>>> print(open('input25.cif').read())   # mmCIF, C-alpha atoms
data_final
#
loop_
_atom_site.group_PDB
_atom_site.id
_atom_site.type_symbol
_atom_site.label_atom_id
_atom_site.label_comp_id
_atom_site.auth_asym_id
_atom_site.auth_seq_id
_atom_site.Cartn_x
_atom_site.Cartn_y
_atom_site.Cartn_z
ATOM 1 C CA MET A 27 -75.306 25.554 16.507
ATOM 2 C CA GLU A 28 -76.671 24.580 13.154
ATOM 3 C CA ARG A 29 -74.394 23.620 10.376
ATOM 4 C CA ASN A 30 -75.866 25.946 7.806
ATOM 5 C CA LEU A 31 -75.224 29.644 8.038
ATOM 6 C CA ILE A 32 -78.186 30.547 5.886
ATOM 7 C CA LYS A 33 -81.594 28.941 6.175
ATOM 8 C CA ARG A 34 -84.324 28.825 3.577
ATOM 9 C CA LEU A 35 -87.883 29.515 4.600
ATOM 10 C CA GLY A 36 -90.822 27.916 2.822
ATOM 11 C CA SER A 37 -91.604 30.917 0.628
ATOM 12 C CA GLY A 38 -88.150 31.121 -0.927
ATOM 13 C CA ILE A 39 -86.758 33.647 1.557
ATOM 14 C CA TYR A 40 -83.207 33.155 2.718
ATOM 15 C CA ILE A 41 -82.524 34.222 6.279
ATOM 16 C CA MET A 42 -79.338 34.358 8.317
ATOM 17 C CA LYS A 43 -78.571 34.883 11.964
ATOM 18 C CA ILE A 44 -77.946 38.526 12.768
ATOM 19 C CA GLU A 45 -74.856 37.892 14.898
ATOM 20 C CA TYR A 46 -72.664 37.138 11.905
ATOM 21 C CA TYR A 47 -73.258 40.680 10.684
ATOM 22 C CA ILE A 48 -72.798 42.070 14.201
ATOM 23 C CA PHE A 49 -69.418 40.395 14.560
ATOM 24 C CA LEU A 50 -68.327 41.390 11.047
ATOM 25 C CA SER A 51 -69.175 45.028 11.811
ATOM 26 C CA ILE A 52 -67.392 44.849 15.162
ATOM 27 C CA ALA A 53 -64.272 43.484 13.487
ATOM 28 C CA LEU A 54 -64.303 46.230 10.847
ATOM 29 C CA PHE A 55 -64.868 48.899 13.491
ATOM 30 C CA CYS A 56 -61.983 47.640 15.625
ATOM 31 C CA ILE A 57 -59.659 47.534 12.620
ATOM 32 C CA GLY A 58 -60.576 51.189 12.096
ATOM 33 C CA ILE A 59 -59.860 51.967 15.776
ATOM 34 C CA ILE A 60 -56.469 50.242 15.577
ATOM 35 C CA GLY A 61 -55.647 52.237 12.456
ATOM 36 C CA VAL A 62 -56.531 55.522 14.157
ATOM 37 C CA LEU A 63 -54.404 54.635 17.171
ATOM 38 C CA THR A 64 -51.319 53.321 15.392
ATOM 39 C CA ARG A 65 -50.912 55.263 12.164
ATOM 40 C CA ARG A 66 -49.270 58.676 12.146
ATOM 41 C CA ASN A 67 -50.276 59.923 8.697
ATOM 42 C CA ALA A 68 -53.269 62.252 9.099
ATOM 43 C CA ILE A 69 -54.802 61.139 5.792
ATOM 44 C CA ILE A 70 -54.702 57.471 6.771
ATOM 45 C CA VAL A 71 -56.247 58.332 10.134
ATOM 46 C CA PHE A 72 -59.059 59.985 8.172
ATOM 47 C CA MET A 73 -59.481 56.876 6.029
ATOM 48 C CA CYS A 74 -59.741 54.702 9.115
ATOM 49 C CA ILE A 75 -62.545 56.956 10.383
ATOM 50 C CA GLU A 76 -64.347 56.323 7.082
ATOM 51 C CA LEU A 77 -63.875 52.603 7.663
ATOM 52 C CA MET A 78 -65.529 52.892 11.078
ATOM 53 C CA LEU A 79 -68.467 54.811 9.592
ATOM 54 C CA ASN A 80 -68.923 52.066 7.021
ATOM 55 C CA ALA A 81 -68.880 49.361 9.683
ATOM 56 C CA VAL A 82 -71.730 51.146 11.464
ATOM 57 C CA ASN A 83 -73.615 51.532 8.174
ATOM 58 C CA LEU A 84 -73.364 47.800 7.510
ATOM 59 C CA MET A 85 -74.778 47.057 10.948
ATOM 60 C CA LEU A 86 -77.669 49.498 10.404
ATOM 61 C CA VAL A 87 -78.621 47.854 7.117
ATOM 62 C CA ALA A 88 -78.512 44.382 8.680
ATOM 63 C CA PHE A 89 -80.714 45.567 11.549
ATOM 64 C CA SER A 90 -83.154 47.198 9.148
ATOM 65 C CA LYS A 91 -83.610 43.934 7.265
ATOM 66 C CA MET A 92 -83.973 42.122 10.574
ATOM 67 C CA HIS A 93 -86.716 44.512 11.629
ATOM 68 C CA TYR A 94 -88.446 44.067 8.284
ATOM 69 C CA LEU A 95 -88.402 40.297 8.664
ATOM 70 C CA ALA A 96 -89.988 40.582 12.096
ATOM 71 C CA GLN A 97 -92.547 43.318 11.358
ATOM 72 C CA GLY A 98 -92.931 43.315 7.583
ATOM 73 C CA THR A 99 -96.268 41.541 7.416
ATOM 74 C CA LYS A 100 -97.894 44.139 9.673
ATOM 75 C CA ASN A 101 -96.130 47.220 8.352
ATOM 76 C CA PRO A 102 -94.687 47.056 4.828
ATOM 77 C CA ALA A 103 -92.334 49.991 5.500
ATOM 78 C CA ALA A 104 -90.822 48.543 8.694
ATOM 79 C CA GLY A 105 -87.080 49.030 8.766
ATOM 80 C CA SER A 106 -86.880 51.709 6.084
ATOM 81 C CA ASP A 107 -85.786 54.221 8.713
ATOM 82 C CA GLY A 108 -82.516 52.359 9.246
ATOM 83 C CA GLN A 109 -81.635 52.574 5.564
ATOM 84 C CA LEU A 110 -82.438 56.291 5.504
ATOM 85 C CA PHE A 111 -80.156 56.786 8.498
ATOM 86 C CA VAL A 112 -77.400 55.121 6.470
ATOM 87 C CA PHE A 113 -78.131 57.607 3.690
ATOM 88 C CA PHE A 114 -77.803 60.545 6.102
ATOM 89 C CA VAL A 115 -74.583 59.108 7.560
ATOM 90 C CA MET A 116 -73.189 59.098 4.013
ATOM 91 C CA VAL A 117 -74.277 62.724 3.544
ATOM 92 C CA VAL A 118 -72.543 63.802 6.747
ATOM 93 C CA ALA A 119 -69.426 61.789 5.856
ATOM 94 C CA ALA A 120 -69.143 63.522 2.489
ATOM 95 C CA ALA A 121 -69.370 66.978 4.104
ATOM 96 C CA GLU A 122 -66.885 65.960 6.799
ATOM 97 C CA VAL A 123 -64.338 64.677 4.301
ATOM 98 C CA SER A 124 -64.434 67.831 2.185
ATOM 99 C CA VAL A 125 -63.777 70.105 5.177
ATOM 100 C CA GLY A 126 -61.268 67.729 6.762
ATOM 101 C CA LEU A 127 -59.173 67.392 3.620
ATOM 102 C CA ALA A 128 -59.212 71.191 3.235
ATOM 103 C CA ILE A 129 -57.830 71.464 6.781
ATOM 104 C CA ILE A 130 -55.143 68.863 6.021
ATOM 105 C CA VAL A 131 -54.095 70.693 2.842
ATOM 106 C CA MET A 132 -53.901 73.966 4.785
ATOM 107 C CA MET A 133 -51.772 72.356 7.502
ATOM 108 C CA TYR A 134 -49.491 70.836 4.906
ATOM 109 C CA ARG A 135 -49.085 74.253 3.345
ATOM 110 C CA ASN A 136 -48.109 75.774 6.706
ATOM 111 C CA VAL A 137 -45.892 73.127 8.339
ATOM 112 C CA HIS A 138 -45.021 70.880 5.349
ATOM 113 C CA ALA A 139 -46.025 67.709 7.154
ATOM 114 C CA VAL A 140 -49.082 65.515 7.632
ATOM 115 C CA ASP A 141 -47.510 63.619 10.521
ATOM 116 C CA ILE A 142 -49.852 64.076 13.444
ATOM 117 C CA ASN A 143 -46.932 64.068 15.892
ATOM 118 C CA VAL A 144 -45.821 67.350 14.358
ATOM 119 C CA LEU A 145 -49.304 68.827 14.468
ATOM 120 C CA ASN A 146 -49.400 69.356 18.229
ATOM 121 C CA ARG A 147 -49.307 73.132 18.461
ATOM 122 C CA LEU A 148 -52.619 73.317 20.266
ATOM 123 C CA LYS A 149 -50.936 71.498 23.152
ATOM 124 C CA HIS A 150 -48.410 74.236 23.859
ATOM 125 C CA MET B 13 -73.839 25.529 1.143
ATOM 126 C CA ASN B 14 -75.865 27.688 -1.197
ATOM 127 C CA ILE B 15 -74.753 30.632 -3.273
ATOM 128 C CA SER B 16 -75.707 33.304 -0.695
ATOM 129 C CA GLU B 17 -73.572 31.606 1.907
ATOM 130 C CA ILE B 18 -70.550 31.454 -0.395
ATOM 131 C CA LEU B 19 -71.076 35.107 -1.283
ATOM 132 C CA PHE B 20 -71.340 36.082 2.379
ATOM 133 C CA TYR B 21 -68.085 34.330 3.252
ATOM 134 C CA PHE B 22 -66.293 35.715 0.205
ATOM 135 C CA LEU B 23 -67.430 39.321 0.781
ATOM 136 C CA SER B 24 -66.673 39.166 4.502
ATOM 137 C CA ALA B 25 -63.167 37.840 3.876
ATOM 138 C CA MET B 26 -62.637 40.506 1.212
ATOM 139 C CA ALA B 27 -63.840 43.305 3.524
ATOM 140 C CA LEU B 28 -61.764 42.190 6.509
ATOM 141 C CA GLY B 29 -58.623 41.429 4.517
ATOM 142 C CA SER B 30 -58.617 44.704 2.643
ATOM 143 C CA ALA B 31 -59.450 46.630 5.840
ATOM 144 C CA VAL B 32 -56.354 45.118 7.441
ATOM 145 C CA MET B 33 -54.349 46.052 4.355
ATOM 146 C CA VAL B 34 -55.564 49.679 4.678
ATOM 147 C CA VAL B 35 -53.995 49.835 8.120
ATOM 148 C CA VAL B 36 -50.734 48.030 7.384
ATOM 149 C CA SER B 37 -49.865 49.502 3.970
ATOM 150 C CA LYS B 38 -46.808 51.732 4.044
ATOM 151 C CA ASN B 39 -47.758 53.622 0.906
ATOM 152 C CA ALA B 40 -50.720 55.985 1.281
ATOM 153 C CA VAL B 41 -51.888 55.407 -2.293
ATOM 154 C CA HIS B 42 -52.048 51.662 -1.661
ATOM 155 C CA SER B 43 -54.133 52.348 1.446
ATOM 156 C CA VAL B 44 -56.638 54.311 -0.627
ATOM 157 C CA LEU B 45 -56.872 51.515 -3.191
ATOM 158 C CA TRP B 46 -57.422 48.885 -0.490
ATOM 159 C CA LEU B 47 -60.110 51.085 1.068
ATOM 160 C CA ILE B 48 -61.882 51.147 -2.289
ATOM 161 C CA VAL B 49 -61.810 47.326 -2.297
ATOM 162 C CA THR B 50 -63.359 47.384 1.187
ATOM 163 C CA PHE B 51 -66.132 49.672 -0.027
ATOM 164 C CA PHE B 52 -66.841 47.354 -2.937
ATOM 165 C CA ALA B 53 -67.152 44.438 -0.522
ATOM 166 C CA ILE B 54 -69.509 46.398 1.728
ATOM 167 C CA SER B 55 -71.598 47.362 -1.301
ATOM 168 C CA GLY B 56 -71.746 43.673 -2.138
ATOM 169 C CA HIS B 57 -73.149 43.025 1.315
ATOM 170 C CA TYR B 58 -75.796 45.711 0.775
ATOM 171 C CA ILE B 59 -76.841 44.141 -2.515
ATOM 172 C CA LEU B 60 -76.865 40.712 -0.876
ATOM 173 C CA MET B 61 -79.372 42.093 1.638
ATOM 174 C CA ASN B 62 -81.423 43.611 -1.211
ATOM 175 C CA ALA B 63 -80.579 47.190 -0.197
ATOM 176 C CA GLN B 64 -79.921 48.112 -3.795
ATOM 177 C CA PHE B 65 -80.184 51.888 -3.429
ATOM 178 C CA LEU B 66 -77.598 51.975 -0.656
ATOM 179 C CA GLY B 67 -75.313 49.618 -2.549
ATOM 180 C CA ILE B 68 -75.201 51.919 -5.548
ATOM 181 C CA VAL B 69 -75.007 55.118 -3.466
ATOM 182 C CA ASN B 70 -72.144 53.621 -1.466
ATOM 183 C CA LEU B 71 -70.252 52.961 -4.679
ATOM 184 C CA ILE B 72 -70.972 56.366 -6.206
ATOM 185 C CA VAL B 73 -70.405 58.489 -3.102
ATOM 186 C CA TYR B 74 -67.620 56.612 -1.340
ATOM 187 C CA ALA B 75 -65.670 54.752 -3.990
ATOM 188 C CA GLY B 76 -66.427 57.348 -6.647
ATOM 189 C CA ALA B 77 -66.256 60.740 -4.961
ATOM 190 C CA ILE B 78 -64.661 60.564 -1.524
ATOM 191 C CA MET B 79 -61.848 58.194 -2.444
ATOM 192 C CA VAL B 80 -61.008 60.218 -5.551
ATOM 193 C CA LEU B 81 -60.780 63.271 -3.275
ATOM 194 C CA PHE B 82 -58.358 61.397 -1.001
ATOM 195 C CA LEU B 83 -56.294 60.234 -3.941
ATOM 196 C CA PHE B 84 -56.229 63.753 -5.326
ATOM 197 C CA VAL B 85 -54.962 65.213 -2.034
ATOM 198 C CA ILE B 86 -52.277 62.530 -1.688
ATOM 199 C CA MET B 87 -51.067 63.092 -5.230
ATOM 200 C CA LEU B 88 -51.161 66.870 -4.687
ATOM 201 C CA MET B 89 -48.940 66.605 -1.614
ATOM 202 C CA ASN B 90 -46.671 64.127 -3.352
ATOM 203 C CA LEU B 91 -46.674 61.832 -0.342
ATOM 204 C CA ASN B 92 -46.845 58.629 -2.296
ATOM 205 C CA SER B 93 -43.129 57.882 -2.320
ATOM 206 C CA GLU B 94 -42.307 59.245 1.105
ATOM 207 C CA ALA B 95 -41.965 56.637 3.834
ATOM 208 C CA GLU B 96 -43.675 57.226 7.129
ATOM 209 C CA PRO B 97 -41.276 58.420 9.845
ATOM 210 C CA LYS B 98 -40.188 55.932 12.463
ATOM 211 C CA LYS B 99 -42.228 56.043 15.598
ATOM 212 C CA ASN B 100 -42.204 54.510 18.997
ATOM 213 C CA ARG B 101 -42.709 50.755 18.792
ATOM 214 C CA TRP B 102 -44.302 50.608 22.226
ATOM 215 C CA LEU B 103 -46.872 53.226 21.262
ATOM 216 C CA LYS B 104 -47.850 51.139 18.250
ATOM 217 C CA MET B 105 -48.092 48.028 20.427
ATOM 218 C CA ALA B 106 -50.258 49.929 22.911
ATOM 219 C CA GLY B 107 -52.611 50.980 20.106
ATOM 220 C CA ILE B 108 -53.008 47.388 18.927
ATOM 221 C CA VAL B 109 -53.615 46.159 22.482
ATOM 222 C CA ALA B 110 -56.214 48.886 23.072
ATOM 223 C CA GLY B 111 -58.038 48.000 19.842
ATOM 224 C CA GLY B 112 -57.935 44.314 20.741
ATOM 225 C CA CYS B 113 -59.375 45.067 24.168
ATOM 226 C CA LEU B 114 -62.220 47.002 22.552
ATOM 227 C CA LEU B 115 -62.880 44.030 20.257
ATOM 228 C CA LEU B 116 -62.931 41.745 23.288
ATOM 229 C CA VAL B 117 -65.397 43.981 25.134
ATOM 230 C CA PHE B 118 -67.717 44.228 22.127
ATOM 231 C CA VAL B 119 -67.702 40.481 21.516
ATOM 232 C CA ALA B 120 -68.303 39.762 25.202
ATOM 233 C CA ALA B 121 -71.150 42.284 25.287
ATOM 234 C CA PHE B 122 -72.894 40.865 22.212
ATOM 235 C CA LYS B 123 -72.206 37.208 22.967
ATOM 236 C CA ASN B 124 -75.302 36.799 25.109
ATOM 237 C CA ALA B 125 -77.316 39.755 23.855
ATOM 238 C CA GLU B 126 -81.050 39.432 23.566
ATOM 239 C CA ILE B 127 -80.840 40.026 19.824
ATOM 240 C CA ARG B 128 -78.987 36.777 19.179
ATOM 241 C CA GLY B 129 -81.906 34.679 18.135
ATOM 242 C CA GLN B 130 -83.072 37.141 15.462
ATOM 243 C CA HIS B 131 -82.513 36.698 11.765
ATOM 244 C CA THR B 132 -81.732 39.038 8.936
ATOM 245 C CA GLN B 133 -83.311 38.569 5.567
ATOM 246 C CA PHE B 134 -81.572 38.251 2.247
ATOM 247 C CA ASN B 135 -83.335 38.105 -1.051
ATOM 248 C CA LYS B 136 -86.853 39.384 -0.450
ATOM 249 C CA GLY B 137 -88.352 42.593 0.865
ATOM 250 C CA ASN B 138 -88.727 45.837 -1.002
ATOM 251 C CA ILE B 139 -87.661 48.316 1.660
ATOM 252 C CA GLY B 140 -84.240 48.825 0.096
ATOM 253 C CA LEU B 141 -85.524 49.828 -3.316
ATOM 254 C CA ILE B 142 -85.489 53.402 -4.575
ATOM 255 C CA GLU B 143 -89.266 53.675 -4.784
ATOM 256 C CA ASN B 144 -89.842 52.963 -1.126
ATOM 257 C CA LEU B 145 -86.885 54.961 0.190
ATOM 258 C CA GLY B 146 -87.672 57.954 -2.021
ATOM 259 C CA GLN B 147 -91.283 57.943 -0.876
ATOM 260 C CA LEU B 148 -90.170 58.044 2.730
ATOM 261 C CA LEU B 149 -87.394 60.573 2.115
ATOM 262 C CA PHE B 150 -89.721 63.122 0.559
ATOM 263 C CA THR B 151 -92.592 62.716 2.988
ATOM 264 C CA GLU B 152 -91.526 61.804 6.499
ATOM 265 C CA TYR B 153 -87.865 62.778 6.306
ATOM 266 C CA VAL B 154 -88.151 65.895 4.179
ATOM 267 C CA VAL B 155 -86.912 68.244 6.933
ATOM 268 C CA PRO B 156 -83.605 66.391 7.544
ATOM 269 C CA PHE B 157 -83.215 66.170 3.772
ATOM 270 C CA GLU B 158 -83.481 69.950 3.403
ATOM 271 C CA ILE B 159 -81.212 70.520 6.403
ATOM 272 C CA SER B 160 -78.589 68.299 4.786
ATOM 273 C CA SER B 161 -78.580 70.647 1.803
ATOM 274 C CA VAL B 162 -77.721 73.511 4.188
ATOM 275 C CA LEU B 163 -74.993 71.300 5.673
ATOM 276 C CA PHE B 164 -73.521 70.740 2.220
ATOM 277 C CA LEU B 165 -73.625 74.457 1.463
ATOM 278 C CA SER B 166 -71.813 75.275 4.698
ATOM 279 C CA ALA B 167 -69.267 72.500 4.058
ATOM 280 C CA MET B 168 -68.627 73.931 0.606
ATOM 281 C CA VAL B 169 -68.188 77.454 1.969
ATOM 282 C CA GLY B 170 -65.967 76.138 4.757
ATOM 283 C CA ALA B 171 -63.740 74.198 2.372
ATOM 284 C CA VAL B 172 -63.308 77.230 0.152
ATOM 285 C CA VAL B 173 -62.565 79.559 3.084
ATOM 286 C CA ILE B 174 -60.056 77.148 4.649
ATOM 287 C CA GLY B 175 -58.391 76.366 1.357
ATOM 288 C CA LYS B 176 -57.956 80.000 0.383
ATOM 289 C CA LYS B 177 -54.498 81.516 0.619
ATOM 290 C CA SER B 178 -54.559 83.619 3.769
ATOM 291 C CA ASP B 179 -52.379 86.569 2.855
#
>>> encode(input="input25.cif", output="C-alpha cells")
Amino acid sequence: MERNLIKRLGSGIYIMKIEYYIFLSIALFCIGIIGVLTRRNAIIVFMCIELMLNAVNLMLVAFSKMHYLAQGTKNPAAGSDGQLFVFFVMVVAAAEVSVGLAIIVMMYRNVHAVDINVLNRLKH
Amino acid sequence: MNISEILFYFLSAMALGSAVMVVVSKNAVHSVLWLIVTFFAISGHYILMNAQFLGIVNLIVYAGAIMVLFLFVIMLMNLNSEAEPKKNRWLKMAGIVAGGCLLLVFVAAFKNAEIRGQHTQFNKGNIGLIENLGQLLFTEYVVPFEISSVLFLSAMVGAVVIGKKSD
C-alpha cells in the first residue's frame, strides 16, 4: 500500500482510492443501523435513518466522480446520473420526514409517549 | 501530506465522531445538533469532490429545513429535559452486536471487490456544477422531476390530514 492517500496526476488532478470512501460510508451506515436498533426514542430512530440515507448519498457521489474519472474523456457528462440520484434521494427524504414527523406528533397526542416500546398496538 | 488529504481525514473524523455522538447522546436536542455537525462534514466531502450543487443543497435541505423541523417537534413535545426510560441492557447489547456484524460483513464483502483499484477524483471535473446538473435535470430527467412535485404535494396533504385534530 502506498504511503500517500491522495495522488497527484500530471495535469493537476488529485485522485484518491475509492475504498476510503466506501469504508467511510459503511461506517456511517452501520452507526445508523446501531442507532435504530438500540435507541427507543422514535425521533432519534428517525434521525438515524437520515444518517443512513446520507451515508448512501456520500457513496453515490464518490462513485459518480470515479465514473467521471474513468469515462470523462469520452463522455463529458459521465457520472452526472449519480449526482442526480442523490438529489432525488434528498427529495424523497424531505417528503418522508414531513409525513413521519406528523405521524409522531399524532401518536404523541394520543398516547403521550414517543417511546417505541409503548407504540406496539399493532402487535395486539 | 497535502491539503486535500488533511481535509479528508479531518472531515471523516468529524463525520464519524458526530455520528457516534448522535447515537449516544441522552438529550434529544443534543442529538439533533450533532446530526447537523455530521451533515456539515458530509457537505464538506461533497465540496472536496467538487460536487458543489449537492454540497449546498445538502446544507439547505438537511441542515436548514429537515433538522429545524426535528428541533421544532422536539421543542413542541417538550422532550428535551426528559430522560429516556431504562431499557433492557441485553437488548441494547444485541443491537450493538448486530450492527457490528453488519459492519464486518460489509467490510469483508468490499475487501476484495473488483472496484478496489479504481480512483475517485477531487478537484477537477464539472459534472457537479449547477449548469451541468440543471441541463440534465430538465432534459433527460424531467419526468422524475415532475413526479417529485406530485410526491411533495401528496406529502403536504398527508401531513396536514394526519396532523389535523380528528374529532
>>> closest_residue(input="input25.cif", among="A:Val82, A:Ala96, A:Ile60, A:Val140", to="chain B", atoms="only C-alpha atoms")
A:Ile60
>>> interface_residues(input="input25.cif", of="chain B", to="chain A", cutoff="6 Å", atoms="only C-alpha atoms", output="PDB file with C-alpha atoms, in the coordinates of the input")
ATOM      1  CA  VAL B  35     -53.995  49.835   8.120  1.00  0.00           C
ATOM      2  CA  LYS B 104     -47.850  51.139  18.250  1.00  0.00           C
ATOM      3  CA  GLY B 107     -52.611  50.980  20.106  1.00  0.00           C
ATOM      4  CA  ILE B 108     -53.008  47.388  18.927  1.00  0.00           C
ATOM      5  CA  GLY B 111     -58.038  48.000  19.842  1.00  0.00           C
ATOM      6  CA  LEU B 115     -62.880  44.030  20.257  1.00  0.00           C
ATOM      7  CA  GLN B 130     -83.072  37.141  15.462  1.00  0.00           C
ATOM      8  CA  HIS B 131     -82.513  36.698  11.765  1.00  0.00           C
ATOM      9  CA  THR B 132     -81.732  39.038   8.936  1.00  0.00           C
ATOM     10  CA  GLN B 133     -83.311  38.569   5.567  1.00  0.00           C
ATOM     11  CA  PHE B 134     -81.572  38.251   2.247  1.00  0.00           C
ATOM     12  CA  ILE B 139     -87.661  48.316   1.660  1.00  0.00           C
ATOM     13  CA  PHE B 164     -73.521  70.740   2.220  1.00  0.00           C
ATOM     14  CA  ALA B 167     -69.267  72.500   4.058  1.00  0.00           C
ATOM     15  CA  ALA B 171     -63.740  74.198   2.372  1.00  0.00           C
ATOM     16  CA  GLY B 175     -58.391  76.366   1.357  1.00  0.00           C
TER      17      GLY B 175
END
>>> closest_residue(input="input25.cif", among="B:Leu141, B:Val172, B:Leu47, B:Leu163", to="Ile78 of chain B", atoms="only C-alpha atoms")
B:Leu47
>>> closest_residue(input="input25.cif", among="B:Ala53, B:Val169, B:Met89, B:Ile48", to="Tyr74 of chain B", atoms="all atoms listed in the file")
B:Ile48
>>> atom_distance(input="input25.cif", atom1="atom CA of Gly137 of chain B", atom2="atom CA of Leu23 of chain B")
21.2 Å
>>> closest_residue(input="input25.cif", among="B:Ala27, B:Thr151, B:Lys123, B:Leu60", to="Lys136 of chain B", atoms="only C-alpha atoms")
B:Leu60
>>> closest_residue(input="input25.cif", among="B:Ala25, B:Val69, B:Ile18, B:Val34", to="Ile75 of chain A", atoms="all atoms listed in the file")
B:Val34
>>> resolve_selection(input="input25.cif", expression="the PyMOL selection byres ((chain B and resi 75) around 10)", output="MDAnalysis selection string")
chainID B and resid 44:45 47:52 55 69:74 76:81
>>> atom_distance(input="input25.cif", atom1="atom CA of Val41 of chain B", atom2="atom CA of Asn146 of chain A")
24.9 Å
>>> atom_distance(input="input25.cif", atom1="atom CA of Phe111 of chain A", atom2="atom CA of Val85 of chain B")
28.6 Å
